[in-house]
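Visitor: Below you will find the structure I want to go over with you.
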Amino acid sequence: MTALARKPHRHETASQNAANEAFAADVIAGLTATPKRLPPKYFYDSVGSELFERITSLPEYYPTRCEAEILTAHAKEIADLFPKGAALIEFGSGSSTKTRIVLSEAKTLAAYVPVDISAEFLHQQVEGLRQEYPNVAMLPVAADISKPFRLPDSAEMLPRAGFFPGSTIGNFEPHEAAAFLRHAGRILGRGATFIVGVDLVKDPQILQKAYNDSQGVTARFNLNLLARINRELGAKFDLAAFEHHAFFNRERSRIEMHLASLKRQRVKVCGECIDFRAGETIHTENSYKYSLESFGALARGAGWSPVAVWTDADNYFSVHALTLKDDPAEARDRADH
Ligand code: TRP
């Protein structure tokens, strides 16, 4: 099948064109699959990144508050786990709000490497960080964290610690989460500490409200995916004909986010006609919820040793400290022989 992207504007660069082609191909592949789906990484254009920042301060969205509570209470202990003179690598840094809690206690940190898919947003954030932390080298990397990426040369030379807050790990399928942890182990190297924020299983009412806020910000965040396809690929989705759906799937221990078609309709996307039944959904994201034990097991299975875990007063959220005893490359070589 050929995915025909809309004609590029003259001022676009070759890499923008390539990114657009990849976006078009992923959109067509997802919308012609059964059931229909779209990759969540495309949520984060600048509009989506701003909407996401608003989600994190919604009254119903407890994860950000709970995680900040944990990081604030244990910032010193966490910072003390980082090797001296380390580079702190954050996977999916967004606005780096939680990182600041830790950065303020990490007195010997040499560098901060925020990695984020939204290049424009990332560079804006780094401007502010440079002023606030003049003694820490700011080395941003614009990359998709689910794919291998290179560290800046000056970070390669330093011991490393990793930071992966926000329960972003829960947005991977469990087998992808394990693969991600292995991949992070290869980037961070032997002796590294990895701090990972993980949302916990709890009362489904509380979970469901967190993803169905009363102001409709999460709905707009979800619908922005269709708006982005309209903007960047020239599609004609009628945003009023789709609705945000989020619910807890107990068997799979995950919140599912969908965009439901409110009627039978046909939408033209990159020259392809996509037909929707009334009520048919596009599955846009999952947010897996773990227990302390189930996440510990996942981490151990991916080669990491749990060293500490903290929770908030309500036991809604957890922050795990992991270390890597084995060199992941050596462990792999042993497994190969
Ligand atoms: N990882 C967080 C979570 O699953 C944040 C997040 C990612 C999110 N995508 C989202 C929150 C979509 C709300 C809606 O909760």
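Going by the structure tokens order, chains are called A, B, ..., each with residues numbered from 1, while ligands are numbered from 1 in the order shown.
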Would you mind writing down, as a ChimeraX atom specification, each residue of range 37-155 of chain A that DSSP on the backbone assigns to strand (DSSP E)?
Guide: /A:37,87-91,111-116,137-138,141-142
Visitor: So that I can see what lies close to Val267 in chain A, please list as a list of chain:residue names the residues with an atom at most 7 Å from it, counting only C-alpha atoms and leaving out residues fewer than 4 positions away in the same chain.
Guide: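 Everything that qualifies: A:Lys236, A:Phe237, A:Cys273, A:Ile274, A:Asp275.
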Visitor: Okay, now the selection with all heavy atoms, as a PDB file, in the first residue's frame?
Guide:
ATOM      1  N   LYS A 236      -9.451  15.269   6.949  1.00  0.00           N
ATOM      2  CA  LYS A 236     -10.650  16.069   7.231  1.00  0.00           C
ATOM      3  C   LYS A 236     -11.464  15.433   8.359  1.00  0.00           C
ATOM      4  O   LYS A 236     -12.664  15.230   8.221  1.00  0.00           O
ATOM      5  CB  LYS A 236     -11.511  16.168   5.955  1.00  0.00           C
ATOM      6  CG  LYS A 236     -10.898  16.966   4.830  1.00  0.00           C
ATOM      7  CD  LYS A 236     -11.602  18.297   4.707  1.00  0.00           C
ATOM      8  CE  LYS A 236     -10.946  19.344   3.843  1.00  0.00           C
ATOM      9  NZ  LYS A 236      -9.720  19.078   3.156  1.00  0.00           N
ATOM     10  N   PHE A 237     -10.811  15.086   9.466  1.00  0.00           N
ATOM     11  CA  PHE A 237     -11.565  14.550  10.603  1.00  0.00           C
ATOM     12  C   PHE A 237     -12.447  15.653  11.177  1.00  0.00           C
ATOM     13  O   PHE A 237     -11.978  16.775  11.409  1.00  0.00           O
ATOM     14  CB  PHE A 237     -10.620  14.070  11.713  1.00  0.00           C
ATOM     15  CG  PHE A 237     -10.055  12.700  11.477  1.00  0.00           C
ATOM     16  CD1 PHE A 237      -8.750  12.539  11.022  1.00  0.00           C
ATOM     17  CD2 PHE A 237     -10.834  11.572  11.720  1.00  0.00           C
ATOM     18  CE1 PHE A 237      -8.231  11.271  10.803  1.00  0.00           C
ATOM     19  CE2 PHE A 237     -10.322  10.301  11.507  1.00  0.00           C
ATOM     20  CZ  PHE A 237      -9.013  10.143  11.041  1.00  0.00           C
ATOM     21  N   CYS A 273      -9.642   6.126   1.910  1.00  0.00           N
ATOM     22  CA  CYS A 273     -10.933   6.309   2.577  1.00  0.00           C
ATOM     23  C   CYS A 273     -10.981   5.384   3.787  1.00  0.00           C
ATOM     24  O   CYS A 273     -10.832   4.177   3.656  1.00  0.00           O
ATOM     25  CB  CYS A 273     -12.080   5.977   1.630  1.00  0.00           C
ATOM     26  SG  CYS A 273     -12.245   7.239   0.372  1.00  0.00           S
ATOM     27  N   ILE A 274     -11.173   5.969   4.963  1.00  0.00           N
ATOM     28  CA  ILE A 274     -11.257   5.175   6.190  1.00  0.00           C
ATOM     29  C   ILE A 274     -12.720   5.185   6.643  1.00  0.00           C
ATOM     30  O   ILE A 274     -13.290   6.252   6.874  1.00  0.00           O
ATOM     31  CB  ILE A 274     -10.363   5.762   7.302  1.00  0.00           C
ATOM     32  CG1 ILE A 274      -8.935   6.026   6.804  1.00  0.00           C
ATOM     33  CG2 ILE A 274     -10.380   4.864   8.541  1.00  0.00           C
ATOM     34  CD1 ILE A 274      -8.111   4.800   6.465  1.00  0.00           C
ATOM     35  N   ASP A 275     -13.321   3.993   6.748  1.00  0.00           N
ATOM     36  CA  ASP A 275     -14.730   3.894   7.154  1.00  0.00           C
ATOM     37  C   ASP A 275     -14.841   3.562   8.625  1.00  0.00           C
ATOM     38  O   ASP A 275     -14.107   2.718   9.134  1.00  0.00           O
ATOM     39  CB  ASP A 275     -15.425   2.800   6.338  1.00  0.00           C
ATOM     40  CG  ASP A 275     -15.643   3.249   4.901  1.00  0.00           C
ATOM     41  OD1 ASP A 275     -16.136   4.384   4.717  1.00  0.00           O
ATOM     42  OD2 ASP A 275     -15.287   2.495   3.974  1.00  0.00           O
TER      43      ASP A 275
END
Visitor: For CA of Leu51 in chain A and CA of Ser93 in chain A, determine how far apart the two atoms are, in Å to one decimal place.
Guide: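 CA of Ser93 in chain A lies at a distance of 15.1 Å from CA of Leu51 in chain A.
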Visitor: For Met157 in chain A, which of A:Ala29, A:Ala110, A:Ser15, A:Val136 is the closest residue, counting only C-alpha atoms?
Guide: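 For Met157 in chain A, the nearest of the candidates is A:Ala110.
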Visitor: Please find the residues contacting ligand 1 at a distance of at most 8 Å between atoms, with only C-alpha atoms and all ligand atoms counted, and report them as a PyMOL selection string.
Guide: chain A and resi 40+52+55-56+61+63+166-171+199+210-211+218+221-222+255+257+285-288
Visitor: My list of candidates is A:Ala235, A:Val201, A:Ile28, A:Val102. Which is closest to Glu77 in chain A when distances are computed with only C-alpha atoms?
Guide: A:Val102
Visitor: Give me, as JSON, numbers by chain, the residues of range 49-191 of chain A that a backbone DSSP run labels alpha helix (DSSP H).
Guide: {"A": [49, 50, 51, 52, 53, 54, 55, 56, 62, 63, 64, 65, 66, 67, 68, 69, 70, 71, 72, 73, 74, 75, 76, 77, 78, 79, 80, 97, 98, 99, 100, 101, 102, 103, 119, 120, 121, 122, 123, 124, 125, 126, 127, 128, 129, 130, 131, 132, 153, 154, 155, 156, 174, 175, 176, 177, 178, 179, 180, 181, 182, 183, 184, 185, 186, 187, 188]}
Visitor: Ranking A:Ala161, A:Ala219, A:Ile229, A:Leu139 by minimum distance to Leu259 in chain A and counting only C-alpha atoms, which one comes first?
Guide: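 Of A:Ala161, A:Ala219, A:Ile229, A:Leu139, the one nearest Leu259 in chain A, counting only C-alpha atoms, is A:Ala219.
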Visitor: Neighbouring residues of Leu122 in chain A were defined as those with any atom within 9 Å, considering only C-alpha atoms; residues of the same chain fewer than 6 positions away were excluded. Please report them as a compact mmCIF listing (two decimals) with N, CA, C and O atoms, in the first residue's frame.
Guide:
# COMPACT_ATOMS: atom_id res chain seq x y z
N SER A 93 11.45 13.90 28.92
CA SER A 93 11.62 14.88 30.00
C SER A 93 10.50 15.91 30.12
O SER A 93 10.33 16.49 31.18
N GLY A 94 9.73 16.15 29.05
CA GLY A 94 8.64 17.12 29.12
C GLY A 94 9.12 18.44 29.68
O GLY A 94 10.12 19.00 29.21
N SER A 95 8.47 18.92 30.74
CA SER A 95 8.83 20.22 31.29
C SER A 95 9.87 20.11 32.40
O SER A 95 10.23 21.11 33.02
N PRO A 114 18.26 15.72 29.11
CA PRO A 114 16.82 15.49 28.90
C PRO A 114 16.59 14.96 27.49
O PRO A 114 17.06 15.54 26.52
N VAL A 115 15.89 13.83 27.40
CA VAL A 115 15.60 13.24 26.08
C VAL A 115 14.10 13.35 25.86
O VAL A 115 13.31 12.89 26.71
N ASP A 116 13.69 13.97 24.77
CA ASP A 116 12.26 14.12 24.51
C ASP A 116 12.00 14.14 23.01
O ASP A 116 12.83 14.57 22.22
N PRO A 140 20.63 18.47 25.87
CA PRO A 140 19.36 17.90 25.40
C PRO A 140 19.53 16.97 24.19
O PRO A 140 20.42 17.19 23.37
N VAL A 141 18.69 15.95 24.13
CA VAL A 141 18.66 15.05 22.97
C VAL A 141 17.21 14.94 22.50
O VAL A 141 16.34 14.52 23.26
N ALA A 142 16.95 15.35 21.27
CA ALA A 142 15.60 15.21 20.71
C ALA A 142 15.51 13.83 20.08
O ALA A 142 16.12 13.57 19.04
Visitor: Check the smallest atom-to-atom distance from each of A:Leu200, A:Leu109, A:Ala68, A:Leu129 to Phe317 in chain A using only C-alpha atoms, then report the winner.
Guide: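 Of the candidates, the smallest distance to Phe317 in chain A is held by A:Leu200.
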Visitor: Can you tell me how far CA of Ala184 in chain A sits from CA of Thr311 in chain A, in Å to one decimal?
Guide: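 Taking CA of Ala184 in chain A as the start and CA of Thr311 in chain A as the end point, the length is 23.0 Å.
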